[in-house]
$ cat model_0.pdb   # PDB, C-alpha atoms, pLDDT in the B column
MODEL        1
ATOM      1  CA  MET V  25      25.664 -33.009 135.660  1.00 45.00           C
ATOM      2  CA  LYS V  26      27.514 -34.744 132.859  1.00 54.00           C
ATOM      3  CA  CYS V  27      29.855 -32.623 130.754  1.00 56.00           C
ATOM      4  CA  ALA V  28      27.973 -33.603 127.577  1.00 60.00           C
ATOM      5  CA  SER V  29      24.797 -31.912 128.892  1.00 65.00           C
ATOM      6  CA  ARG V  30      26.463 -28.533 129.417  1.00 69.00           C
ATOM      7  CA  PRO V  31      26.001 -25.949 126.667  1.00 71.00           C
ATOM      8  CA  ALA V  32      29.040 -25.061 124.587  1.00 80.00           C
ATOM      9  CA  LEU V  33      28.047 -21.412 124.994  1.00 91.00           C
ATOM     10  CA  LEU V  34      26.037 -19.596 127.653  1.00 93.00           C
ATOM     11  CA  VAL V  35      25.001 -16.030 126.902  1.00 95.00           C
ATOM     12  CA  VAL V  36      24.568 -13.969 130.086  1.00 95.00           C
ATOM     13  CA  ASP V  37      23.067 -10.491 130.446  1.00 93.00           C
ATOM     14  CA  VAL V  38      23.130  -8.430 133.639  1.00 91.00           C
ATOM     15  CA  GLU V  39      21.419  -5.155 134.503  1.00 88.00           C
ATOM     16  CA  GLY V  40      22.466  -2.744 137.233  1.00 87.00           C
ATOM     17  CA  ASN V  41      20.652  -0.075 139.207  1.00 84.00           C
ATOM     18  CA  GLY V  42      22.697   2.868 137.899  1.00 85.00           C
ATOM     19  CA  ALA V  43      24.563   3.405 141.166  1.00 83.00           C
ATOM     20  CA  ASN V  44      28.334   3.756 141.247  1.00 86.00           C
ATOM     21  CA  PRO V  45      29.397   0.994 141.790  1.00 86.00           C
ATOM     22  CA  PRO V  46      26.223  -0.627 140.446  1.00 84.00           C
ATOM     23  CA  ASP V  47      24.105  -3.139 142.319  1.00 88.00           C
ATOM     24  CA  LEU V  48      22.736  -6.078 140.365  1.00 89.00           C
ATOM     25  CA  VAL V  49      18.978  -5.942 139.569  1.00 89.00           C
ATOM     26  CA  GLU V  50      18.516  -8.563 136.825  1.00 90.00           C
ATOM     27  CA  VAL V  51      20.391 -11.585 135.465  1.00 94.00           C
ATOM     28  CA  ALA V  52      19.430 -13.542 132.341  1.00 95.00           C
ATOM     29  CA  ALA V  53      21.039 -16.659 130.840  1.00 95.00           C
ATOM     30  CA  LEU V  54      20.510 -18.288 127.438  1.00 95.00           C
ATOM     31  CA  PRO V  55      22.212 -21.600 126.613  1.00 94.00           C
ATOM     32  CA  VAL V  56      23.313 -22.157 123.012  1.00 93.00           C
ATOM     33  CA  HIS V  57      23.450 -25.748 121.693  1.00 89.00           C
ATOM     34  CA  ALA V  58      24.765 -26.579 118.203  1.00 87.00           C
ATOM     35  CA  GLY V  59      24.700 -22.886 117.323  1.00 89.00           C
ATOM     36  CA  GLN V  60      21.013 -22.467 118.211  1.00 91.00           C
ATOM     37  CA  PRO V  61      19.610 -20.660 121.273  1.00 93.00           C
ATOM     38  CA  ASP V  62      17.779 -23.003 123.630  1.00 93.00           C
ATOM     39  CA  THR V  63      14.886 -20.883 124.878  1.00 94.00           C
ATOM     40  CA  SER V  64      13.352 -23.874 126.688  1.00 94.00           C
ATOM     41  CA  THR V  65      16.121 -23.741 129.293  1.00 92.00           C
ATOM     42  CA  ALA V  66      16.741 -19.983 129.327  1.00 94.00           C
ATOM     43  CA  GLY V  67      16.031 -18.010 132.472  1.00 95.00           C
ATOM     44  CA  ALA V  68      15.796 -14.495 133.871  1.00 94.00           C
ATOM     45  CA  TRP V  69      15.882 -13.507 137.519  1.00 93.00           C
ATOM     46  CA  LEU V  70      15.116 -10.181 139.183  1.00 90.00           C
ATOM     47  CA  ILE V  71      17.155  -9.256 142.243  1.00 89.00           C
ATOM     48  CA  LYS V  72      16.186  -6.605 144.797  1.00 85.00           C
ATOM     49  CA  PRO V  73      19.242  -4.341 145.140  1.00 81.00           C
ATOM     50  CA  PRO V  74      20.097  -2.650 148.455  1.00 83.00           C
ATOM     51  CA  CYS V  75      19.721   0.769 146.750  1.00 83.00           C
ATOM     52  CA  PRO V  76      16.843   1.774 144.435  1.00 83.00           C
ATOM     53  CA  VAL V  77      17.217   1.900 140.657  1.00 81.00           C
ATOM     54  CA  THR V  78      18.244   5.423 139.612  1.00 83.00           C
ATOM     55  CA  PRO V  79      16.036   7.440 137.218  1.00 83.00           C
ATOM     56  CA  PHE V  80      18.898   7.387 134.665  1.00 79.00           C
ATOM     57  CA  ALA V  81      19.073   3.571 134.706  1.00 78.00           C
ATOM     58  CA  ARG V  82      15.267   3.293 134.618  1.00 75.00           C
ATOM     59  CA  CYS V  83      15.197   5.336 131.385  1.00 76.00           C
ATOM     60  CA  ARG V  84      18.073   3.427 129.743  1.00 69.00           C
ATOM     61  CA  THR V  85      17.035  -0.138 130.552  1.00 61.00           C
ATOM     62  CA  ALA V  86      13.747  -1.761 131.466  1.00 59.00           C
ATOM     63  CA  PRO V  87      13.967  -4.941 133.549  1.00 53.00           C
ATOM     64  CA  THR V  88      11.783  -7.685 132.110  1.00 49.00           C
ATOM     65  CA  ARG V  89       9.809  -8.137 135.328  1.00 51.00           C
ATOM     66  CA  GLY V  90       9.932 -11.925 135.286  1.00 48.00           C
ATOM     67  CA  ALA V  91      10.347 -12.843 131.620  1.00 45.00           C
TER      68      ALA V  91
ENDMDL
END

$ encode --input "model_0.pdb" --output "structure tokens"
Amino acid sequence: MKCASRPALLVVDVEGNGANPPDLVEVAALPVHAGQPDTSTAGAWLIKPPCPVTPFARCRTAPTRGA
């Protein structure tokens, strides 16, 4: 990958399962080019954590289920 093709900014969002310490359940990334979000190359990935999502976390956040 050439350096010129990398975004100047990459916005990343992560969601946990509510455990302490939390396990990762979702990761999303949105590249920003010239100050504009590039939704054509954005992505979101669901991850199966070793422990289930707690009821508290389920109420506070809703994973996108494959957005």

$ residues_around --input "model_0.pdb" --residues "Pro46 (chain V)" --least-positions-apart "3" --cutoff "12 Å" --atoms "all atoms listed in the file" --output "list in words"
Val38, Glu39, Gly40, Asn41, Gly42, Ala43, Val49, Glu50, Pro73, Pro74, Cys75, Pro76, Val77, Thr78 and Ala81 of chain V

$ atom_distance --input "model_0.pdb" --atom1 "CA of Gly67 (chain V)" --atom2 "CA of Leu54 (chain V)"
6.7 Å

$ resolve_selection --input "model_0.pdb" --expression "the PyMOL selection byres ((chain V and resi 33) around 7)" --output "MDAnalysis selection string"
chainID V and resid 31:32 34:35 55:56

$ closest_residue --input "model_0.pdb" --among "V:His57, V:Pro45, V:Asp37, V:Arg82" --to "Trp69 (chain V)" --atoms "all atoms listed in the file"
V:Asp37

$ atom_distance --input "model_0.pdb" --atom1 "CA of Val36 (chain V)" --atom2 "CA of Ala68 (chain V)"
9.6 Å

$ atom_distance --input "model_0.pdb" --atom1 "CA of Phe80 (chain V)" --atom2 "CA of Ala53 (chain V)"
24.4 Å
